[in-house]
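Enquirer: My structure is below; once you've seen it, I'll send some questions.
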Amino acid sequence: MTRHRLDRGGNRQANSALFRIVIVRLAHDLETKTYMERRLKEGKSKLEVIRMLKRYVAREVYGILPRG
C-alpha cells in the first residue's frame with residue numbers, strides 16, 4: 001500500500017510531542033508493546049505502526065484538551 005500525504009503542513013511541535021509520547025509508551029507500556037508486536041506480525045512496518053499509535057494518542061489527547 002502506497003501512502004500519499006495530503007498536507008505537508010501542520011504543527012511540528014505537536015507532531016514531535018506525539019512521536020515522543022509513542023516512543024516512551026513503546027519503551028515502558030506493556031499494552032503498547034503488545035500492540036506493536038501484533039501489528040508487525042500482520043506485516044505492517046514499524047513506521048506504519050508508529051503512525052497508527054500517533055493517531056490513537058492524538059485522539060486521546062484531543063479529548064482532554066480544554067475548549068473555548
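A note on labels: chains of the C-alpha cells are A, B, ... as shown, every chain counts residues from 1, and ligands are counted from 1 in their shown order.
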Find the residues around range 31-34 of chain A up to 12 Å (only C-alpha atoms counted), leave out those fewer than 3 positions away in its own chain, and share them as a PyMOL selection string.
Expert: chain A and resi 21-28+37-41+46+49-50+52-54+56-57
Enquirer: Residues of chain A classed as helix (DSSP H, G or I) by DSSP on the backbone are to be reported as an mmCIF file with N, CA, C and O atoms, in the first residue's frame.
Expert:
data_model
loop_
_atom_site.group_PDB
_atom_site.id
_atom_site.type_symbol
_atom_site.label_atom_id
_atom_site.label_comp_id
_atom_site.auth_asym_id
_atom_site.auth_seq_id
_atom_site.Cartn_x
_atom_site.Cartn_y
_atom_site.Cartn_z
ATOM 1 N N ARG A 12 4.411 21.275 13.894
ATOM 2 C CA ARG A 12 5.602 20.430 14.069
ATOM 3 C C ARG A 12 5.840 20.083 15.532
ATOM 4 O O ARG A 12 6.274 18.980 15.853
ATOM 5 N N GLN A 13 5.552 21.033 16.429
ATOM 6 C CA GLN A 13 5.750 20.770 17.854
ATOM 7 C C GLN A 13 4.776 19.700 18.341
ATOM 8 O O GLN A 13 5.157 18.811 19.114
ATOM 9 N N ALA A 14 3.536 19.773 17.889
ATOM 10 C CA ALA A 14 2.548 18.772 18.290
ATOM 11 C C ALA A 14 2.940 17.406 17.739
ATOM 12 O O ALA A 14 2.845 16.393 18.440
ATOM 13 N N ASN A 15 3.383 17.365 16.486
ATOM 14 C CA ASN A 15 3.796 16.100 15.879
ATOM 15 C C ASN A 15 4.986 15.510 16.627
ATOM 16 O O ASN A 15 5.036 14.305 16.894
ATOM 17 N N SER A 16 5.915 16.356 16.999
ATOM 18 C CA SER A 16 7.087 15.910 17.748
ATOM 19 C C SER A 16 6.680 15.365 19.119
ATOM 20 O O SER A 16 7.193 14.341 19.574
ATOM 21 N N ALA A 17 5.747 16.056 19.768
ATOM 22 C CA ALA A 17 5.281 15.612 21.082
ATOM 23 C C ALA A 17 4.583 14.258 20.973
ATOM 24 O O ALA A 17 4.803 13.361 21.800
ATOM 25 N N LEU A 18 3.751 14.080 19.934
ATOM 26 C CA LEU A 18 3.069 12.795 19.740
ATOM 27 C C LEU A 18 4.087 11.680 19.516
ATOM 28 O O LEU A 18 3.946 10.583 20.062
ATOM 29 N N PHE A 19 5.107 11.965 18.725
ATOM 30 C CA PHE A 19 6.145 10.971 18.459
ATOM 31 C C PHE A 19 6.842 10.565 19.761
ATOM 32 O O PHE A 19 7.036 9.379 20.029
ATOM 33 N N ARG A 20 7.188 11.550 20.581
ATOM 34 C CA ARG A 20 7.861 11.248 21.860
ATOM 35 C C ARG A 20 6.970 10.419 22.773
ATOM 36 O O ARG A 20 7.446 9.490 23.441
ATOM 37 N N ILE A 21 5.683 10.759 22.826
ATOM 38 C CA ILE A 21 4.752 10.004 23.670
ATOM 39 C C ILE A 21 4.727 8.540 23.231
ATOM 40 O O ILE A 21 4.794 7.624 24.059
ATOM 41 N N VAL A 22 4.648 8.319 21.918
ATOM 42 C CA VAL A 22 4.603 6.947 21.398
ATOM 43 C C VAL A 22 5.890 6.198 21.716
ATOM 44 O O VAL A 22 5.853 5.037 22.150
ATOM 45 N N ILE A 23 7.034 6.838 21.532
ATOM 46 C CA ILE A 23 8.319 6.175 21.800
ATOM 47 C C ILE A 23 8.445 5.817 23.286
ATOM 48 O O ILE A 23 8.892 4.715 23.627
ATOM 49 N N VAL A 24 8.015 6.719 24.164
ATOM 50 C CA VAL A 24 8.072 6.429 25.606
ATOM 51 C C VAL A 24 7.117 5.290 25.948
ATOM 52 O O VAL A 24 7.463 4.397 26.725
ATOM 53 N N ARG A 25 5.932 5.299 25.352
ATOM 54 C CA ARG A 25 4.988 4.204 25.605
ATOM 55 C C ARG A 25 5.551 2.879 25.123
ATOM 56 O O ARG A 25 5.365 1.849 25.781
ATOM 57 N N LEU A 26 6.218 2.887 23.975
ATOM 58 C CA LEU A 26 6.813 1.645 23.476
ATOM 59 C C LEU A 26 7.907 1.140 24.409
ATOM 60 O O LEU A 26 8.140 -0.060 24.510
ATOM 61 N N ALA A 27 8.575 2.042 25.089
ATOM 62 C CA ALA A 27 9.652 1.644 26.000
ATOM 63 C C ALA A 27 9.129 1.150 27.347
ATOM 64 O O ALA A 27 9.774 0.317 27.985
ATOM 65 N N HIS A 28 7.943 1.657 27.765
ATOM 66 C CA HIS A 28 7.519 1.391 29.141
ATOM 67 C C HIS A 28 6.140 0.767 29.302
ATOM 68 O O HIS A 28 5.835 0.260 30.386
ATOM 69 N N LEU A 30 3.389 -2.016 28.521
ATOM 70 C CA LEU A 30 3.262 -3.382 28.013
ATOM 71 C C LEU A 30 2.166 -3.494 26.948
ATOM 72 O O LEU A 30 2.340 -4.175 25.940
ATOM 73 N N GLU A 31 1.043 -2.819 27.145
ATOM 74 C CA GLU A 31 -0.059 -2.881 26.185
ATOM 75 C C GLU A 31 0.369 -2.326 24.814
ATOM 76 O O GLU A 31 0.033 -2.898 23.768
ATOM 77 N N THR A 32 1.137 -1.242 24.825
ATOM 78 C CA THR A 32 1.615 -0.647 23.579
ATOM 79 C C THR A 32 2.627 -1.565 22.901
ATOM 80 O O THR A 32 2.604 -1.732 21.674
ATOM 81 N N LYS A 33 3.497 -2.178 23.683
ATOM 82 C CA LYS A 33 4.472 -3.120 23.126
ATOM 83 C C LYS A 33 3.766 -4.303 22.462
ATOM 84 O O LYS A 33 4.140 -4.738 21.373
ATOM 85 N N THR A 34 2.735 -4.810 23.132
ATOM 86 C CA THR A 34 1.966 -5.933 22.592
ATOM 87 C C THR A 34 1.290 -5.541 21.284
ATOM 88 O O THR A 34 1.272 -6.317 20.324
ATOM 89 N N TYR A 35 0.740 -4.331 21.242
ATOM 90 C CA TYR A 35 0.097 -3.822 20.023
ATOM 91 C C TYR A 35 1.104 -3.765 18.884
ATOM 92 O O TYR A 35 0.812 -4.191 17.764
ATOM 93 N N MET A 36 2.294 -3.251 19.174
ATOM 94 C CA MET A 36 3.348 -3.142 18.159
ATOM 95 C C MET A 36 3.704 -4.525 17.611
ATOM 96 O O MET A 36 3.779 -4.717 16.404
ATOM 97 N N GLU A 37 3.912 -5.482 18.496
ATOM 98 C CA GLU A 37 4.264 -6.839 18.073
ATOM 99 C C GLU A 37 3.174 -7.456 17.195
ATOM 100 O O GLU A 37 3.464 -8.081 16.173
ATOM 101 N N ARG A 38 1.916 -7.259 17.602
ATOM 102 C CA ARG A 38 0.801 -7.824 16.841
ATOM 103 C C ARG A 38 0.725 -7.228 15.436
ATOM 104 O O ARG A 38 0.572 -7.945 14.447
ATOM 105 N N ARG A 39 0.887 -5.914 15.335
ATOM 106 C CA ARG A 39 0.821 -5.258 14.029
ATOM 107 C C ARG A 39 2.011 -5.633 13.149
ATOM 108 O O ARG A 39 1.856 -5.774 11.933
ATOM 109 N N LEU A 40 3.188 -5.802 13.745
ATOM 110 C CA LEU A 40 4.354 -6.214 12.967
ATOM 111 C C LEU A 40 4.150 -7.615 12.397
ATOM 112 O O LEU A 40 4.536 -7.889 11.259
ATOM 113 N N LYS A 41 3.525 -8.506 13.178
ATOM 114 C CA LYS A 41 3.239 -9.857 12.700
ATOM 115 C C LYS A 41 2.225 -9.847 11.561
ATOM 116 O O LYS A 41 2.208 -10.741 10.730
ATOM 117 N N LYS A 46 7.353 -0.845 10.939
ATOM 118 C CA LYS A 46 7.470 -0.165 12.228
ATOM 119 C C LYS A 46 6.965 1.273 12.130
ATOM 120 O O LYS A 46 6.263 1.757 13.018
ATOM 121 N N LEU A 47 7.299 1.955 11.026
ATOM 122 C CA LEU A 47 6.838 3.339 10.848
ATOM 123 C C LEU A 47 5.324 3.421 10.708
ATOM 124 O O LEU A 47 4.702 4.369 11.202
ATOM 125 N N GLU A 48 4.716 2.435 10.047
ATOM 126 C CA GLU A 48 3.256 2.416 9.931
ATOM 127 C C GLU A 48 2.610 2.254 11.303
ATOM 128 O O GLU A 48 1.614 2.914 11.609
ATOM 129 N N VAL A 49 3.175 1.383 12.114
ATOM 130 C CA VAL A 49 2.620 1.158 13.452
ATOM 131 C C VAL A 49 2.774 2.411 14.299
ATOM 132 O O VAL A 49 1.841 2.803 15.012
ATOM 133 N N ILE A 50 3.911 3.071 14.207
ATOM 134 C CA ILE A 50 4.116 4.309 14.962
ATOM 135 C C ILE A 50 3.104 5.361 14.510
ATOM 136 O O ILE A 50 2.524 6.076 15.327
ATOM 137 N N ARG A 51 2.840 5.437 13.207
ATOM 138 C CA ARG A 51 1.850 6.386 12.690
ATOM 139 C C ARG A 51 0.474 6.089 13.266
ATOM 140 O O ARG A 51 -0.255 6.988 13.707
ATOM 141 N N MET A 52 0.101 4.802 13.337
ATOM 142 C CA MET A 52 -1.195 4.420 13.898
ATOM 143 C C MET A 52 -1.269 4.766 15.387
ATOM 144 O O MET A 52 -2.297 5.258 15.869
ATOM 145 N N LEU A 53 -0.174 4.524 16.101
ATOM 146 C CA LEU A 53 -0.145 4.854 17.520
ATOM 147 C C LEU A 53 -0.242 6.366 17.743
ATOM 148 O O LEU A 53 -0.904 6.820 18.680
ATOM 149 N N LYS A 54 0.414 7.154 16.882
ATOM 150 C CA LYS A 54 0.323 8.611 16.996
ATOM 151 C C LYS A 54 -1.115 9.093 16.799
ATOM 152 O O LYS A 54 -1.579 9.982 17.504
ATOM 153 N N ARG A 55 -1.818 8.483 15.859
ATOM 154 C CA ARG A 55 -3.225 8.852 15.644
ATOM 155 C C ARG A 55 -4.068 8.515 16.874
ATOM 156 O O ARG A 55 -4.933 9.283 17.281
ATOM 157 N N TYR A 56 -3.804 7.360 17.482
ATOM 158 C CA TYR A 56 -4.524 6.959 18.686
ATOM 159 C C TYR A 56 -4.265 7.946 19.822
ATOM 160 O O TYR A 56 -5.191 8.393 20.499
ATOM 161 N N VAL A 57 -2.992 8.304 20.019
ATOM 162 C CA VAL A 57 -2.630 9.240 21.085
ATOM 163 C C VAL A 57 -3.251 10.611 20.808
ATOM 164 O O VAL A 57 -3.746 11.273 21.727
ATOM 165 N N ALA A 58 -3.254 11.045 19.552
ATOM 166 C CA ALA A 58 -3.829 12.346 19.199
ATOM 167 C C ALA A 58 -5.312 12.382 19.563
ATOM 168 O O ALA A 58 -5.803 13.375 20.116
ATOM 169 N N ARG A 59 -6.043 11.304 19.269
ATOM 170 C CA ARG A 59 -7.465 11.246 19.628
ATOM 171 C C ARG A 59 -7.642 11.299 21.138
ATOM 172 O O ARG A 59 -8.546 11.963 21.648
ATOM 173 N N GLU A 60 -6.769 10.597 21.842
ATOM 174 C CA GLU A 60 -6.836 10.560 23.305
ATOM 175 C C GLU A 60 -6.568 11.949 23.895
ATOM 176 O O GLU A 60 -7.296 12.418 24.777
ATOM 177 N N VAL A 61 -5.541 12.616 23.395
ATOM 178 C CA VAL A 61 -5.161 13.934 23.912
ATOM 179 C C VAL A 61 -6.214 14.984 23.544
ATOM 180 O O VAL A 61 -6.543 15.851 24.358
ATOM 181 N N TYR A 62 -6.767 14.903 22.338
ATOM 182 C CA TYR A 62 -7.758 15.881 21.893
ATOM 183 C C TYR A 62 -8.966 15.898 22.831
ATOM 184 O O TYR A 62 -9.536 16.948 23.109
ATOM 185 N N GLY A 63 -9.341 14.748 23.333
ATOM 186 C CA GLY A 63 -10.472 14.665 24.255
ATOM 187 C C GLY A 63 -10.217 15.320 25.602
ATOM 188 O O GLY A 63 -11.149 15.699 26.307
ATOM 189 N N ILE A 64 -8.946 15.490 25.942
ATOM 190 C CA ILE A 64 -8.562 16.072 27.225
ATOM 191 C C ILE A 64 -8.379 17.583 27.136
ATOM 192 O O ILE A 64 -8.524 18.296 28.129
#
